[in-house]
$ cat entry.cif   # mmCIF, C-alpha atoms
data_final
#
loop_
_atom_site.label_atom_id
_atom_site.label_comp_id
_atom_site.auth_asym_id
_atom_site.auth_seq_id
_atom_site.Cartn_x
_atom_site.Cartn_y
_atom_site.Cartn_z
CA MET U 1 -17.32 11.44 -6.32
CA THR U 2 -18.49 13.37 -3.26
CA ARG U 3 -15.96 13.15 -0.43
CA ASP U 4 -16.26 13.92 3.24
CA LEU U 5 -13.58 16.55 2.72
CA ASP U 6 -13.37 17.85 6.23
CA THR U 7 -12.39 14.49 7.70
CA ALA U 8 -11.61 12.04 4.91
CA THR U 9 -8.93 13.72 2.85
CA ALA U 10 -8.15 17.10 4.34
CA ALA U 11 -4.42 17.32 4.99
CA PRO U 12 -2.95 19.49 7.72
CA GLN U 13 -2.35 23.08 6.64
CA ALA U 14 1.41 22.54 6.66
CA THR U 15 1.14 19.91 3.95
CA THR U 16 -1.27 21.72 1.66
CA PRO U 17 0.53 22.15 -1.68
CA ALA U 18 0.90 25.59 -3.13
CA ARG U 19 -1.13 26.36 -6.20
CA ARG U 20 0.76 25.41 -9.31
CA THR U 21 0.00 26.57 -12.80
CA GLY U 22 1.16 26.07 -16.36
CA TRP U 23 4.09 23.85 -17.16
CA ARG U 24 5.03 23.38 -13.53
CA ARG U 25 1.71 21.68 -12.83
CA ILE U 26 2.09 19.50 -15.94
CA THR U 27 5.60 18.55 -14.81
CA MET U 28 4.33 17.63 -11.34
CA ILE U 29 1.57 15.46 -12.80
CA ALA U 30 4.05 13.67 -15.03
CA ALA U 31 6.41 13.11 -12.10
CA VAL U 32 3.86 11.84 -9.58
CA ALA U 33 1.15 10.19 -11.71
CA GLY U 34 1.58 6.56 -12.55
CA PRO U 35 0.90 3.90 -9.88
CA GLY U 36 -2.88 4.37 -9.92
CA LEU U 37 -3.08 4.41 -13.72
CA VAL U 38 -0.78 1.42 -14.10
CA ALA U 39 -2.49 -0.64 -11.37
CA ALA U 40 -5.98 -0.04 -12.77
CA ASN U 41 -5.03 -0.65 -16.38
CA ALA U 42 -3.11 -3.80 -15.50
CA GLY U 43 -6.58 -5.16 -14.72
CA ASN U 44 -7.40 -4.94 -18.44
CA ASP U 45 -5.01 -7.82 -19.03
CA ALA U 46 -5.54 -11.12 -20.83
CA ALA U 47 -7.78 -12.45 -18.06
CA GLY U 48 -9.70 -9.19 -17.84
CA ILE U 49 -10.33 -9.01 -21.57
CA ALA U 50 -11.47 -12.64 -21.65
CA THR U 51 -13.86 -11.97 -18.77
CA TYR U 52 -15.33 -8.78 -20.22
CA ALA U 53 -15.67 -10.33 -23.68
CA SER U 54 -17.33 -13.41 -22.17
CA ALA U 55 -19.81 -11.15 -20.36
CA GLY U 56 -20.79 -9.66 -23.71
CA SER U 57 -20.97 -12.98 -25.53
CA GLN U 58 -22.99 -14.70 -22.79
CA PHE U 59 -25.31 -12.02 -21.43
CA THR U 60 -25.08 -9.26 -24.08
CA TYR U 61 -25.73 -6.01 -22.15
CA GLY U 62 -26.97 -7.68 -18.95
CA THR U 63 -23.86 -6.98 -16.87
CA LEU U 64 -23.52 -3.26 -17.67
CA PHE U 65 -25.21 -1.90 -14.52
CA PHE U 66 -23.19 -4.32 -12.44
CA MET U 67 -20.03 -2.95 -14.08
CA VAL U 68 -21.08 0.61 -13.18
CA LEU U 69 -21.22 -0.47 -9.53
CA VAL U 70 -17.85 -2.19 -9.86
CA THR U 71 -16.41 1.03 -11.32
CA VAL U 72 -17.52 2.99 -8.25
CA ALA U 73 -15.97 0.30 -6.05
CA LEU U 74 -12.66 0.44 -7.94
CA VAL U 75 -12.46 4.23 -7.68
CA MET U 76 -12.97 4.12 -3.91
CA VAL U 77 -10.62 1.19 -3.34
CA GLN U 78 -7.77 2.62 -5.42
CA GLU U 79 -8.14 6.03 -3.76
CA MET U 80 -7.89 4.48 -0.30
CA ALA U 81 -4.80 2.49 -1.31
CA VAL U 82 -2.85 5.48 -2.67
CA ARG U 83 -3.95 7.64 0.27
CA LEU U 84 -2.36 5.14 2.64
CA GLY U 85 0.86 5.21 0.65
CA ALA U 86 1.02 8.99 0.38
CA TYR U 87 0.22 9.84 4.00
CA THR U 88 2.09 7.03 5.78
CA GLY U 89 5.04 6.49 3.43
CA LYS U 90 4.40 2.75 3.81
CA GLY U 91 2.92 0.07 1.59
CA LEU U 92 -0.16 -1.98 2.41
CA GLY U 93 1.92 -5.00 3.45
CA ALA U 94 3.97 -2.99 5.93
CA LEU U 95 0.86 -1.40 7.45
CA ILE U 96 -0.85 -4.77 7.83
CA ARG U 97 2.25 -6.10 9.62
CA GLU U 98 2.25 -3.12 12.00
CA GLN U 99 -1.46 -2.94 12.69
CA PHE U 100 -2.52 -6.60 12.79
CA SER U 101 -1.38 -9.80 14.47
CA LEU U 102 1.14 -12.17 12.90
CA ARG U 103 -1.63 -14.62 11.99
CA LEU U 104 -3.72 -11.97 10.26
CA THR U 105 -0.65 -10.71 8.42
CA ALA U 106 0.10 -14.25 7.28
CA LEU U 107 -3.51 -14.61 6.10
CA ALA U 108 -3.26 -11.46 3.99
CA VAL U 109 0.04 -12.55 2.42
CA PHE U 110 -1.28 -16.07 1.76
CA CYS U 111 -4.42 -14.75 0.04
CA LEU U 112 -2.35 -12.46 -2.17
CA LEU U 113 0.09 -15.22 -3.12
CA LEU U 114 -2.75 -17.64 -3.86
CA ALA U 115 -4.53 -15.14 -6.09
CA ASN U 116 -1.36 -13.95 -7.81
CA THR U 117 0.02 -17.39 -8.60
CA GLY U 118 -2.87 -18.19 -10.93
CA LEU U 119 -2.82 -14.67 -12.30
CA VAL U 120 0.87 -14.77 -13.27
CA VAL U 121 0.21 -18.02 -15.13
CA SER U 122 -2.70 -16.37 -16.94
CA GLU U 123 -0.54 -13.42 -18.03
CA PHE U 124 1.98 -15.69 -19.73
CA ALA U 125 -0.88 -17.73 -21.17
CA GLY U 126 -2.17 -14.44 -22.61
CA ILE U 127 1.22 -13.69 -24.17
CA GLY U 128 1.24 -17.18 -25.68
CA ALA U 129 -2.33 -16.78 -26.96
CA ALA U 130 -1.45 -13.44 -28.58
CA PHE U 131 1.35 -15.01 -30.62
CA GLU U 132 -0.65 -18.14 -31.43
CA LEU U 133 -3.14 -15.83 -33.17
CA LEU U 134 -0.21 -14.81 -35.38
CA GLY U 135 0.79 -18.43 -36.05
CA VAL U 136 3.69 -18.61 -33.56
CA PRO U 137 3.61 -21.52 -31.05
CA LYS U 138 3.58 -20.52 -27.40
CA TRP U 139 6.64 -22.60 -26.51
CA ALA U 140 8.69 -20.39 -28.83
CA VAL U 141 7.46 -17.18 -27.23
CA ILE U 142 6.77 -17.63 -23.52
CA PRO U 143 10.36 -18.40 -22.37
CA PRO U 144 11.90 -15.37 -24.18
CA ALA U 145 9.06 -13.17 -22.90
CA ALA U 146 9.67 -14.34 -19.33
CA ILE U 147 13.39 -13.65 -19.60
CA LEU U 148 12.73 -10.19 -21.10
CA LEU U 149 10.30 -9.16 -18.36
CA TRP U 150 12.63 -10.47 -15.66
CA ALA U 151 15.64 -8.66 -17.14
CA LEU U 152 13.75 -5.37 -17.55
CA VAL U 153 12.93 -5.29 -13.84
CA LEU U 154 16.29 -6.52 -12.56
CA PHE U 155 18.73 -4.88 -14.98
CA GLY U 156 16.85 -2.39 -17.10
CA SER U 157 14.42 0.43 -16.46
CA TYR U 158 11.11 -1.03 -15.34
CA HIS U 159 9.44 2.38 -15.41
CA TRP U 160 10.51 2.79 -19.04
CA ALA U 161 9.18 -0.66 -19.89
CA GLU U 162 5.99 0.19 -17.99
CA ARG U 163 5.33 3.05 -20.40
CA ILE U 164 6.04 0.85 -23.42
CA PHE U 165 3.53 -1.76 -22.24
CA LEU U 166 0.95 0.95 -21.59
CA ILE U 167 1.44 2.26 -25.13
CA MET U 168 1.00 -1.25 -26.57
CA SER U 169 -2.17 -1.63 -24.52
CA LEU U 170 -3.57 1.44 -26.27
CA ALA U 171 -4.51 -0.94 -29.07
CA PHE U 172 -7.60 -1.58 -26.97
CA PHE U 173 -8.70 1.97 -27.73
CA ALA U 174 -10.05 0.20 -30.80
CA TYR U 175 -12.86 -1.19 -28.64
CA PRO U 176 -14.66 2.15 -28.22
CA VAL U 177 -14.48 2.57 -32.00
CA ALA U 178 -15.62 -1.02 -32.54
CA MET U 179 -18.48 -0.40 -30.12
CA ILE U 180 -19.72 2.51 -32.21
CA LEU U 181 -19.17 0.81 -35.59
CA GLY U 182 -20.86 -2.34 -34.30
CA HIS U 183 -24.17 -0.42 -34.07
CA PRO U 184 -25.35 -1.74 -30.70
CA ASP U 185 -28.93 -1.30 -29.57
CA TRP U 186 -28.32 1.98 -27.74
CA GLY U 187 -31.72 1.82 -26.09
CA LYS U 188 -30.85 -1.50 -24.47
CA VAL U 189 -27.37 -0.25 -23.63
CA GLY U 190 -28.79 2.79 -21.83
CA HIS U 191 -31.42 0.72 -20.07
CA ASN U 192 -28.90 -1.81 -18.78
CA LEU U 193 -26.50 0.92 -17.66
CA VAL U 194 -29.04 2.45 -15.27
CA ILE U 195 -31.44 -0.40 -14.42
CA PRO U 196 -30.18 -3.21 -12.16
CA HIS U 197 -30.19 -6.65 -13.76
CA MET U 198 -29.46 -9.94 -12.03
CA GLU U 199 -30.04 -13.51 -13.14
CA PRO U 200 -30.43 -16.08 -10.33
CA ASN U 201 -28.24 -18.74 -11.90
CA LYS U 202 -24.72 -19.95 -11.25
CA ALA U 203 -23.39 -18.85 -14.66
CA PHE U 204 -24.34 -15.21 -14.07
CA ILE U 205 -23.08 -15.18 -10.46
CA LEU U 206 -19.84 -16.85 -11.55
CA LEU U 207 -19.24 -14.21 -14.19
CA ALA U 208 -20.25 -11.40 -11.82
CA VAL U 209 -17.65 -12.55 -9.29
CA ALA U 210 -15.10 -12.82 -12.11
CA LEU U 211 -15.90 -9.22 -13.11
CA ILE U 212 -15.24 -8.13 -9.51
CA GLY U 213 -12.03 -10.14 -9.43
CA THR U 214 -10.62 -8.75 -12.65
CA THR U 215 -11.65 -5.14 -11.91
CA VAL U 216 -10.96 -4.91 -8.15
CA SER U 217 -8.06 -7.35 -7.97
CA PRO U 218 -6.23 -7.63 -4.62
CA TYR U 219 -2.83 -7.07 -6.20
CA MET U 220 -3.92 -3.64 -7.47
CA GLN U 221 -4.22 -2.23 -3.96
CA PHE U 222 -0.82 -3.58 -2.91
CA TYR U 223 0.85 -2.31 -6.08
CA ALA U 224 -0.82 1.11 -6.02
CA ALA U 225 0.21 1.84 -2.42
CA ALA U 226 3.72 0.42 -2.87
CA GLY U 227 4.19 2.28 -6.16
CA VAL U 228 3.38 5.60 -4.46
CA VAL U 229 5.91 4.84 -1.72
CA ASP U 230 8.59 3.62 -4.14
CA ARG U 231 8.33 6.91 -6.05
CA GLY U 232 8.90 8.89 -2.86
CA ALA U 233 5.55 10.71 -2.93
CA LYS U 234 4.62 12.86 0.07
CA PRO U 235 1.31 14.05 1.60
CA ALA U 236 1.72 17.30 -0.36
CA ASP U 237 1.51 15.25 -3.57
CA TYR U 238 -1.74 13.59 -2.55
CA PRO U 239 -4.10 15.69 -4.74
CA LEU U 240 -2.19 14.63 -7.86
CA ILE U 241 -1.89 11.04 -6.67
CA ARG U 242 -5.63 10.94 -5.96
CA ALA U 243 -6.38 12.30 -9.44
CA ASP U 244 -4.12 9.65 -10.96
CA ALA U 245 -5.89 6.86 -9.05
CA ILE U 246 -9.42 8.05 -9.86
CA LEU U 247 -8.78 8.86 -13.52
CA GLY U 248 -6.90 5.58 -13.98
CA ALA U 249 -9.77 3.60 -12.47
CA VAL U 250 -12.42 5.37 -14.55
CA PHE U 251 -10.39 5.04 -17.75
CA ALA U 252 -9.84 1.30 -17.20
CA CYS U 253 -13.53 0.69 -16.50
CA VAL U 254 -14.70 2.70 -19.51
CA ILE U 255 -12.53 0.48 -21.71
CA SER U 256 -14.02 -2.55 -19.93
CA LEU U 257 -17.56 -1.36 -20.66
CA THR U 258 -16.76 -0.82 -24.34
CA ILE U 259 -15.29 -4.36 -24.54
CA ILE U 260 -18.56 -5.77 -23.18
CA ILE U 261 -20.72 -3.66 -25.53
CA ALA U 262 -18.55 -4.28 -28.62
CA THR U 263 -18.52 -8.03 -27.99
CA ALA U 264 -22.26 -8.07 -27.30
CA SER U 265 -22.87 -6.30 -30.62
CA ALA U 266 -20.65 -8.73 -32.53
CA ILE U 267 -21.35 -12.12 -30.96
CA GLY U 268 -23.78 -11.45 -28.10
CA GLY U 269 -25.95 -14.39 -27.09
CA THR U 270 -23.61 -17.05 -28.49
CA GLY U 271 -22.58 -18.31 -25.06
CA PRO U 272 -19.17 -18.54 -23.36
CA LEU U 273 -16.03 -17.84 -25.37
CA ASP U 274 -14.05 -20.80 -26.67
CA SER U 275 -10.87 -19.09 -27.88
CA ALA U 276 -8.91 -15.86 -28.16
CA ALA U 277 -9.77 -15.73 -31.85
CA GLN U 278 -13.46 -15.61 -30.94
CA ALA U 279 -12.79 -12.75 -28.53
CA ALA U 280 -11.14 -10.85 -31.41
CA GLU U 281 -14.39 -10.95 -33.39
CA ALA U 282 -15.55 -7.75 -31.69
CA LEU U 283 -12.73 -5.80 -33.40
CA LYS U 284 -13.78 -6.74 -36.94
CA PRO U 285 -15.77 -3.50 -37.45
CA VAL U 286 -12.47 -1.65 -36.95
CA ALA U 287 -9.81 -3.92 -38.41
CA GLY U 288 -11.70 -6.34 -40.67
CA ARG U 289 -9.46 -9.28 -41.52
CA ASN U 290 -6.75 -7.75 -39.33
CA ALA U 291 -8.92 -8.00 -36.21
CA GLU U 292 -6.84 -10.86 -34.84
CA LEU U 293 -3.62 -8.89 -35.40
CA LEU U 294 -4.98 -5.83 -33.59
CA PHE U 295 -6.33 -7.98 -30.77
CA ALA U 296 -3.00 -9.82 -30.49
CA LEU U 297 -1.08 -6.54 -30.20
CA GLY U 298 -3.30 -5.25 -27.42
CA LEU U 299 -3.33 -8.63 -25.68
CA LEU U 300 0.47 -8.76 -25.79
CA GLY U 301 0.89 -5.28 -24.30
CA ALA U 302 -1.73 -5.80 -21.60
CA SER U 303 -0.38 -9.22 -20.63
CA ALA U 304 3.23 -7.97 -20.55
CA LEU U 305 2.25 -5.02 -18.34
CA ALA U 306 0.36 -7.23 -15.90
CA GLY U 307 3.06 -9.91 -16.18
CA ALA U 308 5.41 -7.45 -14.47
CA VAL U 309 2.91 -5.69 -12.17
CA VAL U 310 1.31 -8.82 -10.66
CA PRO U 311 4.49 -10.53 -9.40
CA LEU U 312 5.87 -7.17 -8.28
CA SER U 313 2.78 -6.59 -6.14
CA ALA U 314 3.30 -9.88 -4.30
CA SER U 315 7.02 -9.17 -3.88
CA TYR U 316 6.23 -5.72 -2.47
CA ALA U 317 3.66 -7.16 -0.05
CA ILE U 318 5.89 -9.95 1.28
CA GLY U 319 8.93 -7.67 1.45
CA GLU U 320 6.89 -5.14 3.44
CA ALA U 321 5.45 -7.81 5.72
CA ALA U 322 8.94 -9.18 6.36
CA GLY U 323 10.41 -5.71 6.85
CA VAL U 324 13.16 -6.15 4.26
CA GLU U 325 14.43 -4.03 1.35
CA ARG U 326 12.01 -3.84 -1.56
CA SER U 327 12.39 -1.61 -4.60
CA VAL U 328 12.81 -2.04 -8.34
CA SER U 329 15.76 0.34 -8.13
CA ARG U 330 17.75 -2.04 -5.88
CA SER U 331 20.13 -4.79 -6.94
CA PHE U 332 19.67 -8.50 -6.23
CA ARG U 333 22.33 -8.22 -3.51
CA ASP U 334 20.47 -5.38 -1.78
CA ALA U 335 16.95 -6.90 -2.06
CA PRO U 336 17.35 -10.70 -2.39
CA LEU U 337 13.91 -11.62 -1.00
CA PHE U 338 12.06 -9.00 -3.05
CA LEU U 339 13.73 -9.83 -6.36
CA GLY U 340 13.97 -13.55 -5.57
CA LEU U 341 10.19 -13.76 -5.14
CA PHE U 342 9.70 -11.83 -8.36
CA THR U 343 12.00 -14.26 -10.19
CA ALA U 344 10.26 -17.34 -8.73
CA GLN U 345 6.83 -16.09 -9.80
CA ILE U 346 8.03 -15.36 -13.34
CA VAL U 347 9.56 -18.85 -13.67
CA LEU U 348 6.49 -20.62 -12.24
CA GLY U 349 4.07 -18.62 -14.38
CA ALA U 350 6.00 -19.27 -17.59
CA VAL U 351 6.42 -23.01 -16.94
CA VAL U 352 2.76 -23.65 -16.11
CA ALA U 353 1.55 -21.48 -19.01
CA MET U 354 3.36 -23.76 -21.47
CA THR U 355 1.35 -26.80 -20.36
CA PRO U 356 -1.73 -27.77 -22.43
CA VAL U 357 -4.47 -25.75 -20.74
CA ASP U 358 -7.78 -24.27 -21.86
CA VAL U 359 -6.64 -20.65 -22.04
CA ILE U 360 -10.08 -19.01 -21.85
CA GLN U 361 -11.20 -21.14 -18.90
CA LEU U 362 -7.88 -20.49 -17.15
CA LEU U 363 -8.21 -16.74 -17.64
CA ILE U 364 -11.78 -16.55 -16.35
CA GLY U 365 -11.08 -19.03 -13.55
CA THR U 366 -8.24 -16.91 -12.17
CA GLN U 367 -10.58 -13.93 -12.01
CA VAL U 368 -13.16 -15.94 -10.07
CA LEU U 369 -10.42 -16.77 -7.56
CA GLN U 370 -9.50 -13.08 -7.39
CA GLY U 371 -13.14 -12.24 -6.74
CA LEU U 372 -13.36 -14.75 -3.88
CA ILE U 373 -10.23 -13.36 -2.22
CA SER U 374 -10.93 -9.65 -2.82
CA PRO U 375 -13.28 -9.21 0.20
CA ILE U 376 -10.55 -10.39 2.60
CA VAL U 377 -8.00 -7.87 1.30
CA LEU U 378 -10.61 -5.09 1.16
CA VAL U 379 -11.40 -5.59 4.86
CA TYR U 380 -7.75 -4.88 5.73
CA LEU U 381 -7.79 -1.80 3.49
CA LEU U 382 -11.03 -0.50 5.02
CA VAL U 383 -9.89 -0.99 8.61
CA LEU U 384 -6.57 0.76 7.95
CA THR U 385 -8.13 3.80 6.24
CA ASN U 386 -10.72 4.07 9.03
CA ARG U 387 -8.03 4.35 11.73
CA ARG U 388 -7.01 7.85 12.76
CA SER U 389 -3.98 6.30 14.45
CA VAL U 390 -2.77 5.46 10.93
CA LEU U 391 -3.96 8.39 8.80
CA GLY U 392 -4.81 11.10 11.31
CA PRO U 393 -7.14 13.71 9.77
CA ALA U 394 -6.84 11.95 6.39
CA ALA U 395 -8.73 8.90 7.71
CA ASN U 396 -12.14 8.02 6.26
CA GLY U 397 -14.89 10.36 7.37
CA PRO U 398 -18.36 9.08 8.44
CA ARG U 399 -19.99 9.21 5.00
CA TYR U 400 -16.99 7.78 3.19
CA ARG U 401 -16.74 5.03 5.81
CA VAL U 402 -20.37 4.02 5.19
CA ALA U 403 -19.87 3.98 1.41
CA ALA U 404 -16.62 1.99 1.63
CA THR U 405 -18.22 -0.51 4.02
CA ALA U 406 -21.11 -0.98 1.57
CA VAL U 407 -18.58 -1.75 -1.18
CA VAL U 408 -16.81 -4.38 0.94
CA VAL U 409 -20.10 -5.96 2.06
CA GLY U 410 -21.37 -6.05 -1.53
CA VAL U 411 -18.24 -7.75 -2.85
CA ALA U 412 -18.30 -10.22 0.06
CA ALA U 413 -21.99 -11.00 -0.56
CA MET U 414 -21.36 -11.89 -4.21
CA SER U 415 -18.44 -14.11 -3.26
CA THR U 416 -20.50 -15.82 -0.55
CA ILE U 417 -23.38 -16.50 -2.95
CA LEU U 418 -20.97 -18.12 -5.42
CA LEU U 419 -19.39 -20.24 -2.69
CA VAL U 420 -22.80 -21.40 -1.45
CA GLN U 421 -23.92 -22.26 -4.99
CA THR U 422 -20.71 -24.18 -5.60
CA VAL U 423 -20.96 -26.18 -2.37
CA LEU U 424 -24.62 -26.98 -3.03
CA GLY U 425 -23.59 -28.17 -6.49
CA TRP U 426 -21.01 -30.50 -4.97
CA VAL U 427 -23.64 -32.15 -2.77
CA GLY U 428 -26.19 -32.34 -5.57
CA LEU U 429 -28.46 -29.57 -4.36
CA GLY U 430 -27.38 -26.83 -6.81
#
$ encode --input "entry.cif" --output "structure tokens"
Amino acid sequence: MTRDLDTATAAPQATTPARRTGWRRITMIAAVAGPGLVAANAGNDAAGIATYASAGSQFTYGTLFFMVLVTVALVMVQEMAVRLGAYTGKGLGALIREQFSLRLTALAVFCLLLANTGLVVSEFAGIGAAFELLGVPKWAVIPPAAILLWALVLFGSYHWAERIFLIMSLAFFAYPVAMILGHPDWGKVGHNLVIPHMEPNKAFILLAVALIGTTVSPYMQFYAAAGVVDRGAKPADYPLIRADAILGAVFACVISLTIIIATASAIGGTGPLDSAAQAAEALKPVAGRNAELLFALGLLGASALAGAVVPLSASYAIGEAAGVERSVSRSFRDAPLFLGLFTAQIVLGAVVAMTPVDVIQLLIGTQVLQGLISPIVLVYLLVLTNRRSVLGPAANGPRYRVAATAVVVGVAAMSTILLVQTVLGWVGLG
């Protein structure tokens, strides 16, 4: 993506990293890369997969161009988040507390908590759905899974577990293969990738907002910035951090596009999804009768990854806003608020997920909520990255500022349209 390099990302000469080659560069990438990749790929969780698969089953290839726009938005948003973390050494919550009034800080924290509460429930619902595909009841799985995730963060090595969950999520690499083996209509795929398509009905707008919510989720920006800070990254590391954020965002969205195309090829035009088993249909060209097993493995890894990332993002944000200790490397005694909030979210998510709920509707519904709240969080992010008092010469340049503003306005417009349609429906005018 073209950047306004002279004003948007150019670091002072003193912080320009020396040219690294060979194994040293590989070592640096391995050491610094991570928060952007993890944050973006956490979006391909149970709720994300349900939303993308539902887009393919309902509208076949009709949402592809919209997803291209969402991909551009995610790249820009994630880059701004990690840039704030790298150049200020502070997370998004801390910067909001410093730069905005107490009421506006409270609004940001409330929006994040509201969005994340439903999302944590959906992650544990996804874990339960994965095992139910294998014949194991969710009540036998969700409590042990909650305890395991909680213990990994508090007593184990979260960063080690993070890599394990990412590896499990690689099962969704099967979607690109399934897309090819499903023999989609490539002419229609290409047409819908480059030609805008919009249907003026509530179902399409609802799903479009859900696609925004699951791809550009508010928690991603908080986690990405906080993750950079927690790893001790400096301005000199920014080029590698930026690469991690951009590549992570593009990778996550490519997988999302293949989920839509593979599902459209398998069950496109059949309407909304009714179950996780139906969502697994798209993997039959790859796994045949084992499609549900492959889908369950990927769903488990993705849900477990997001099940840790989502509550951590809220804990980071509130800890930063309150100005208290917050780090996964600290003990409960050193960071009681940070780890206490994480524990509370895990418990609440697991308990609610065990109630009799429509899993697919819960998953998509949480993404709609994310989409409605995203514009509010993005405004904070945009204002902060525009301010030279915060980022100095690394602040958004004129062209980047215009592009980022267009992204925020576009997301806000979609959310507003959905809200208006919903209100009109309540009064009988929809």
$ residues_near_point --input "entry.cif" --point "(-2.7, -0.3, 3.8)" --cutoff "6 Å" --atoms "only C-alpha atoms" --output "PyMOL selection string"
chain U and resi 84+92+95+381+384
$ resolve_selection --input "entry.cif" --expression "the PyMOL selection byres ((chain U and resi 88) around 10)" --output "ChimeraX atom specification"
/U:82-87,89-92,95,225,229,234-235,390-392
$ residues_around --input "entry.cif" --residues "Ala413 of chain U" --least-positions-apart "6" --cutoff "12 Å" --atoms "all atoms listed in the file" --output "list in words"
Ile205, Ala208, Val209, Ile212, Gly371, Leu372, Ser374, Pro375, Ile376, Ala406, Val407, Leu419 and Val420 of chain U
$ resolve_selection --input "entry.cif" --expression "the PyMOL selection byres ((chain U and resi 46) around 12)" --output "count of residues only"
52
$ residues_near_point --input "entry.cif" --point "(-3.2, -13.6, 6.5)" --cutoff "12 Å" --atoms "only C-alpha atoms" --output "list in words"
Gly93, Ile96, Arg97, Phe100, Ser101, Leu102, Arg103, Leu104, Thr105, Ala106, Leu107, Ala108, Val109, Phe110, Cys111, Leu112, Leu113, Leu114, Ala317, Ile318, Ala321, Ile373, Ile376, Val377, Val379 and Tyr380 of chain U
$ atom_distance --input "entry.cif" --atom1 "atom CA of Arg289 of chain U" --atom2 "atom CA of Thr258 of chain U"
20.5 Å
$ atom_distance --input "entry.cif" --atom1 "atom CA of Leu378 of chain U" --atom2 "atom CA of Val408 of chain U"
6.2 Å
$ closest_residue --input "entry.cif" --among "U:Gly190, U:Gly227, U:Gly269, U:Gly340" --to "Ser313 of chain U" --atoms "all atoms listed in the file"
U:Gly227
$ closest_residue --input "entry.cif" --among "U:Ala277, U:Leu181, U:Val68, U:Ile261" --to "Leu293 of chain U" --atoms "all atoms listed in the file"
U:Ala277
